[in-house]
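Peer 1: I'd like to ask you about the structure that follows.
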Amino acid sequence: MWGLFEPVHAIIYAPSARPMLEEAGLRGFWRGYFACRCAPLGAVGPGPVLASFFGFAPSVVNRALPDVWQRITPERTLTVRERAAAEALRTMGAPPDEAGVLLGEAAAAAEHSGRVLSGANAALPVPDEPVARLWHAATVLREHRGDGHFAALVVAGVSGIESLVLRSGLDLSRDILQPARGWTDEQWQAAAAGLVERGLLDEAGRATAAGVELYRDVEDVTDRCATGPWRALGTQATDRLAEMLAPLASACLAVSPVPNLLGLPGWVQNSNTLGVSG
């Protein structure tokens, strides 16, 4: 289900949504990203965002905040991001209204204790318009899973930068991850050295057997922490929802920035037509 709702949420960061954001004063990808993602928290400064976004270098967040709130208010951002996302989804042929209803039921069943970003999004009014409601639910669910993922990393003793360095030793390129999150070479190398010392990376920067096992454990905990909404929705409704979301998710992935940093499984990123995953 993550592979199906994550691309729907991420349409707000795709080129098709950018013109409306730029018209509102959010020029440049990163202004739009930080404003749209943290607007539910209010006009916060760097501290809460560094904590809740987890993997960004302080220098990147400090450049974006609080500067972005001199250009647009959080309240205005919430309105614009909803409109931009819904308009982008409509151009792709959004699924039947039933999909938004079912995804909304799953989102409404999510438990937000200890999950700051999902809780902040869930506290927003649910849109009346069907496509906007679909995007809102996808956003709540992706932040719900993301909050759980960060908690799993903390329990595993893995910091934000270490999670990126470890992932670069598995399947994603350092050339993509490092500049996108703003870490310097010195910071990256220090994190890598720490992972080597723990036996999670080898000297060449590849994940060891222990590193692969830790990664799998974190993903397993993440998935288990994200199952509540789907248990509440039930197998039959979840399967029906997956069937309706698959074409839209494929369309969203097709227009996402390349390379993208969603971290989706290979079966999702490399598939022209998403299958239904139980």
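Residues are referred to by chain and number: the chain letter is A, B, ... according to the order shown in the structure tokens, the number counts from 1 in that chain, and ligands are numbered separately from 1 in the order shown.
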Got a sec: who's within 8 Å of His149 of chain A, counting only C-alpha atoms, leaving out chain neighbours fewer than 3 positions off, as JSON, numbers by chain?
Peer 2: {"A": [145, 146, 152, 153, 218, 219, 221, 222]}
Peer 1: Quick one: write out the picked residues with N, CA and C atoms as a PDB file, in the first residue's frame?
Peer 2:
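Result file selection_32.pdb:
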ATOM      1  N   ARG A 145       3.519   6.668   8.187  1.00  0.00           N
ATOM      2  CA  ARG A 145       4.544   5.644   7.979  1.00  0.00           C
ATOM      3  C   ARG A 145       5.944   6.218   8.182  1.00  0.00           C
ATOM      4  N   GLY A 146       6.153   7.438   7.701  1.00  0.00           N
ATOM      5  CA  GLY A 146       7.457   8.068   7.847  1.00  0.00           C
ATOM      6  C   GLY A 146       7.823   8.310   9.302  1.00  0.00           C
ATOM      7  N   ALA A 152      11.787   3.800  14.203  1.00  0.00           N
ATOM      8  CA  ALA A 152      12.495   2.530  14.066  1.00  0.00           C
ATOM      9  C   ALA A 152      13.998   2.761  13.924  1.00  0.00           C
ATOM     10  N   LEU A 153      14.379   3.798  13.208  1.00  0.00           N
ATOM     11  CA  LEU A 153      15.795   4.121  13.049  1.00  0.00           C
ATOM     12  C   LEU A 153      16.410   4.563  14.373  1.00  0.00           C
ATOM     13  N   VAL A 218      14.805  -2.675  10.341  1.00  0.00           N
ATOM     14  CA  VAL A 218      14.176  -1.354  10.405  1.00  0.00           C
ATOM     15  C   VAL A 218      12.949  -1.304   9.497  1.00  0.00           C
ATOM     16  N   GLU A 219      13.071  -1.852   8.296  1.00  0.00           N
ATOM     17  CA  GLU A 219      11.941  -1.852   7.381  1.00  0.00           C
ATOM     18  C   GLU A 219      10.793  -2.704   7.920  1.00  0.00           C
ATOM     19  N   VAL A 221      10.094  -3.296  11.136  1.00  0.00           N
ATOM     20  CA  VAL A 221       9.455  -2.537  12.211  1.00  0.00           C
ATOM     21  C   VAL A 221       8.596  -1.422  11.623  1.00  0.00           C
ATOM     22  N   THR A 222       9.122  -0.744  10.610  1.00  0.00           N
ATOM     23  CA  THR A 222       8.369   0.328   9.957  1.00  0.00           C
ATOM     24  C   THR A 222       7.042  -0.189   9.416  1.00  0.00           C
TER      25      THR A 222
END
Peer 1: Would you list the contacts of Trp188 of chain A as a list in words, taking every protein, DNA or RNA residue within 8 Å and counting only C-alpha atoms, but skipping same-chain residues closer than 4 positions in sequence?
Peer 2: Ile161, Val165, Gln178, Trp183, Thr184 and Ala192 of chain A
Peer 1: What is the atom CA of Gly42 of chain A-atom CA of Glu75 of chain A distance in Å, reported with one decimal?
Peer 2: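 Separating atom CA of Gly42 of chain A from atom CA of Glu75 of chain A is a distance of 7.8 Å.
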Peer 1: Which one is closest to Arg231 of chain A: A:Val116, A:Leu248, A:Ala109, A:Ala204? Count only C-alpha atoms.
Peer 2: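 Once distances to Arg231 of chain A are computed over only C-alpha atoms, the minimum belongs to A:Ala109.
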Peer 1: Counting only C-alpha atoms, what is within 9 Å of Ser163 of chain A, bar same-chain residues fewer than 3 positions away, as a PDB file with N, CA and C atoms, in the first residue's frame?
Peer 2:
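Output (selection38.pdb):
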ATOM      1  N   GLY A  55      16.446  13.451   8.050  1.00  0.00           N
ATOM      2  CA  GLY A  55      17.653  13.185   7.281  1.00  0.00           C
ATOM      3  C   GLY A  55      18.360  14.378   6.682  1.00  0.00           C
ATOM      4  N   LEU A 153      14.379   3.798  13.208  1.00  0.00           N
ATOM      5  CA  LEU A 153      15.795   4.121  13.049  1.00  0.00           C
ATOM      6  C   LEU A 153      16.410   4.563  14.373  1.00  0.00           C
ATOM      7  N   VAL A 158      20.428   4.565  14.640  1.00  0.00           N
ATOM      8  CA  VAL A 158      20.875   5.097  13.351  1.00  0.00           C
ATOM      9  C   VAL A 158      20.389   6.536  13.231  1.00  0.00           C
ATOM     10  N   SER A 159      21.314   7.466  13.008  1.00  0.00           N
ATOM     11  CA  SER A 159      20.963   8.879  12.864  1.00  0.00           C
ATOM     12  C   SER A 159      20.483   9.164  11.445  1.00  0.00           C
ATOM     13  N   GLY A 160      20.049  10.398  11.228  1.00  0.00           N
ATOM     14  CA  GLY A 160      19.569  10.776   9.907  1.00  0.00           C
ATOM     15  C   GLY A 160      20.605  10.579   8.823  1.00  0.00           C
ATOM     16  N   LEU A 166      24.043   4.414   4.985  1.00  0.00           N
ATOM     17  CA  LEU A 166      23.775   2.975   4.918  1.00  0.00           C
ATOM     18  C   LEU A 166      22.981   2.635   3.663  1.00  0.00           C
ATOM     19  N   ARG A 167      21.978   3.437   3.352  1.00  0.00           N
ATOM     20  CA  ARG A 167      21.182   3.161   2.149  1.00  0.00           C
ATOM     21  C   ARG A 167      22.033   3.266   0.885  1.00  0.00           C
ATOM     22  N   SER A 168      23.009   4.172   0.884  1.00  0.00           N
ATOM     23  CA  SER A 168      23.891   4.286  -0.285  1.00  0.00           C
ATOM     24  C   SER A 168      24.768   3.055  -0.433  1.00  0.00           C
ATOM     25  N   TYR A 215      19.072  -3.053   8.157  1.00  0.00           N
ATOM     26  CA  TYR A 215      18.161  -2.375   7.242  1.00  0.00           C
ATOM     27  C   TYR A 215      16.829  -3.121   7.155  1.00  0.00           C
TER      28      TYR A 215
END
Peer 1: If you count only C-alpha atoms, which residues fall within 12 Å of Cys36 of chain A, apart from same-chain ones fewer than 3 positions away, as number ranges by chain?
Peer 2: A: 9-13, 17-18, 21-22, 24, 26, 29-33, 39-43, 64, 68-69, 72-85, 117, 121, 139
Peer 1: Can you tell me, as JSON, numbers by chain, which residues in segment 36-235 of chain A count as helix (DSSP H, G or I) by DSSP?
Peer 2: {"A": [36, 37, 38, 39, 40, 41, 46, 47, 48, 49, 50, 51, 52, 53, 58, 59, 60, 61, 62, 63, 64, 67, 68, 69, 70, 74, 75, 76, 77, 78, 79, 80, 81, 82, 83, 84, 85, 86, 87, 88, 89, 90, 97, 98, 99, 100, 101, 102, 103, 104, 105, 106, 107, 108, 116, 117, 118, 119, 120, 121, 122, 130, 131, 132, 133, 134, 135, 136, 137, 138, 139, 140, 141, 142, 143, 144, 145, 146, 147, 148, 149, 150, 151, 152, 153, 154, 155, 160, 161, 162, 163, 164, 165, 166, 167, 168, 174, 175, 176, 177, 178, 179, 180, 181, 185, 186, 187, 188, 189, 190, 191, 192, 193, 194, 195, 196, 197, 209, 210, 211, 212, 213, 214, 215, 216, 217, 218, 219, 220, 221, 222, 223, 224, 225, 228, 229, 230, 231, 232, 233, 235]}
Peer 1: I want to know what sits within 10 Å of Leu233 of chain A, based on only C-alpha atoms, with residues of the same chain fewer than 6 positions away left out; could you give that as a PyMOL selection string?
Peer 2: chain A and resi 102-109+239+241
Peer 1: Mind giving me the straight-line distance from atom CA of Leu164 of chain A to atom CA of Leu253 of chain A in Å, one decimal?
Peer 2: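 Distance between the two atoms: 21.6 Å.
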Peer 1: May I ask which of the residues A:Ser59, A:Thr208, A:Thr91, A:Gln70 is the closest one to Ala35 of chain A, counting only C-alpha atoms?
Peer 2: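 The closest residue to Ala35 of chain A is A:Gln70.
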Peer 1: Between atom CA of Ala110 of chain A and atom CA of Ser16 of chain A, what is the distance in Å, rounded to a tenth?
Peer 2: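 The value is 29.2 Å.
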Peer 1: Pick the closest to Arg174 of chain A from A:Pro229, A:Pro58, A:Gly205, A:Pro127: which is it, counting only C-alpha atoms?
Peer 2: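 Of the candidates, the smallest distance to Arg174 of chain A is held by A:Gly205.
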Peer 1: So which residues touch Gly199 of chain A within 10 Å, counting only C-alpha atoms, skipping near sequence neighbours fewer than 3 positions away, as a list of chain:residue names?
Peer 2: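 Non-adjacent residues within range: A:Ala193, A:Gly194, A:Leu195, A:Val196, A:Asp202, A:Glu203, A:Ala207, A:Thr208, A:Ala209, A:Ala210, A:Gly211.
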Peer 1: Please dump the current selection as a short mmCIF file (atom, residue, chain, number, x, y, z; two decimals), in the first residue's frame; keep all heavy atoms.
Peer 2:
data_model
loop_
_atom_site.label_atom_id
_atom_site.label_comp_id
_atom_site.auth_asym_id
_atom_site.auth_seq_id
_atom_site.Cartn_x
_atom_site.Cartn_y
_atom_site.Cartn_z
N ALA A 193 32.49 6.28 8.55
CA ALA A 193 33.49 5.69 9.44
C ALA A 193 32.83 5.08 10.67
O ALA A 193 33.23 4.00 11.14
CB ALA A 193 34.51 6.75 9.86
N GLY A 194 31.83 5.75 11.19
CA GLY A 194 31.11 5.21 12.34
C GLY A 194 30.38 3.93 12.00
O GLY A 194 30.36 2.99 12.81
N LEU A 195 29.82 3.84 10.81
CA LEU A 195 29.13 2.61 10.39
C LEU A 195 30.11 1.47 10.13
O LEU A 195 29.81 0.31 10.40
CB LEU A 195 28.28 2.89 9.15
CG LEU A 195 27.09 3.84 9.35
CD1 LEU A 195 26.42 4.15 8.03
CD2 LEU A 195 26.08 3.25 10.34
N VAL A 196 31.29 1.81 9.62
CA VAL A 196 32.34 0.80 9.45
C VAL A 196 32.76 0.25 10.80
O VAL A 196 32.90 -0.97 10.99
CB VAL A 196 33.55 1.39 8.69
CG1 VAL A 196 34.73 0.42 8.73
CG2 VAL A 196 33.17 1.71 7.24
N ASP A 202 31.43 -1.96 4.88
CA ASP A 202 32.83 -2.32 4.72
C ASP A 202 33.62 -1.08 4.30
O ASP A 202 33.06 0.00 4.13
CB ASP A 202 32.99 -3.47 3.72
CG ASP A 202 32.52 -3.14 2.30
OD1 ASP A 202 32.46 -1.93 1.95
OD2 ASP A 202 32.23 -4.07 1.54
N GLU A 203 34.90 -1.24 4.15
CA GLU A 203 35.75 -0.08 3.84
C GLU A 203 35.43 0.54 2.49
O GLU A 203 35.75 1.71 2.25
CB GLU A 203 37.23 -0.50 3.89
CG GLU A 203 37.73 -0.89 5.27
CD GLU A 203 37.82 0.30 6.23
OE1 GLU A 203 37.75 1.45 5.75
OE2 GLU A 203 37.96 0.07 7.45
N ALA A 207 27.22 -2.16 2.20
CA ALA A 207 26.61 -2.71 3.39
C ALA A 207 27.10 -4.14 3.62
O ALA A 207 27.15 -4.95 2.70
CB ALA A 207 25.09 -2.70 3.26
N THR A 208 27.47 -4.43 4.85
CA THR A 208 27.85 -5.78 5.22
C THR A 208 26.59 -6.61 5.47
O THR A 208 25.46 -6.09 5.42
CB THR A 208 28.69 -5.76 6.50
OG1 THR A 208 27.87 -5.21 7.56
CG2 THR A 208 29.94 -4.90 6.33
N ALA A 209 26.78 -7.89 5.78
CA ALA A 209 25.63 -8.73 6.11
C ALA A 209 24.88 -8.16 7.31
O ALA A 209 23.64 -8.15 7.36
CB ALA A 209 26.10 -10.16 6.40
N ALA A 210 25.64 -7.64 8.29
CA ALA A 210 25.01 -7.03 9.46
C ALA A 210 24.25 -5.76 9.07
O ALA A 210 23.19 -5.47 9.62
CB ALA A 210 26.07 -6.71 10.52
N GLY A 211 24.81 -4.99 8.12
CA GLY A 211 24.13 -3.79 7.67
C GLY A 211 22.84 -4.10 6.94
O GLY A 211 21.82 -3.42 7.13
#
Peer 1: Which one of A:Leu201, A:Ala51, A:Leu65, A:Ala254 sits closest to Glu162 of chain A if you count only C-alpha atoms?
Peer 2: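 Closest to Glu162 of chain A of all the choices is A:Leu201.
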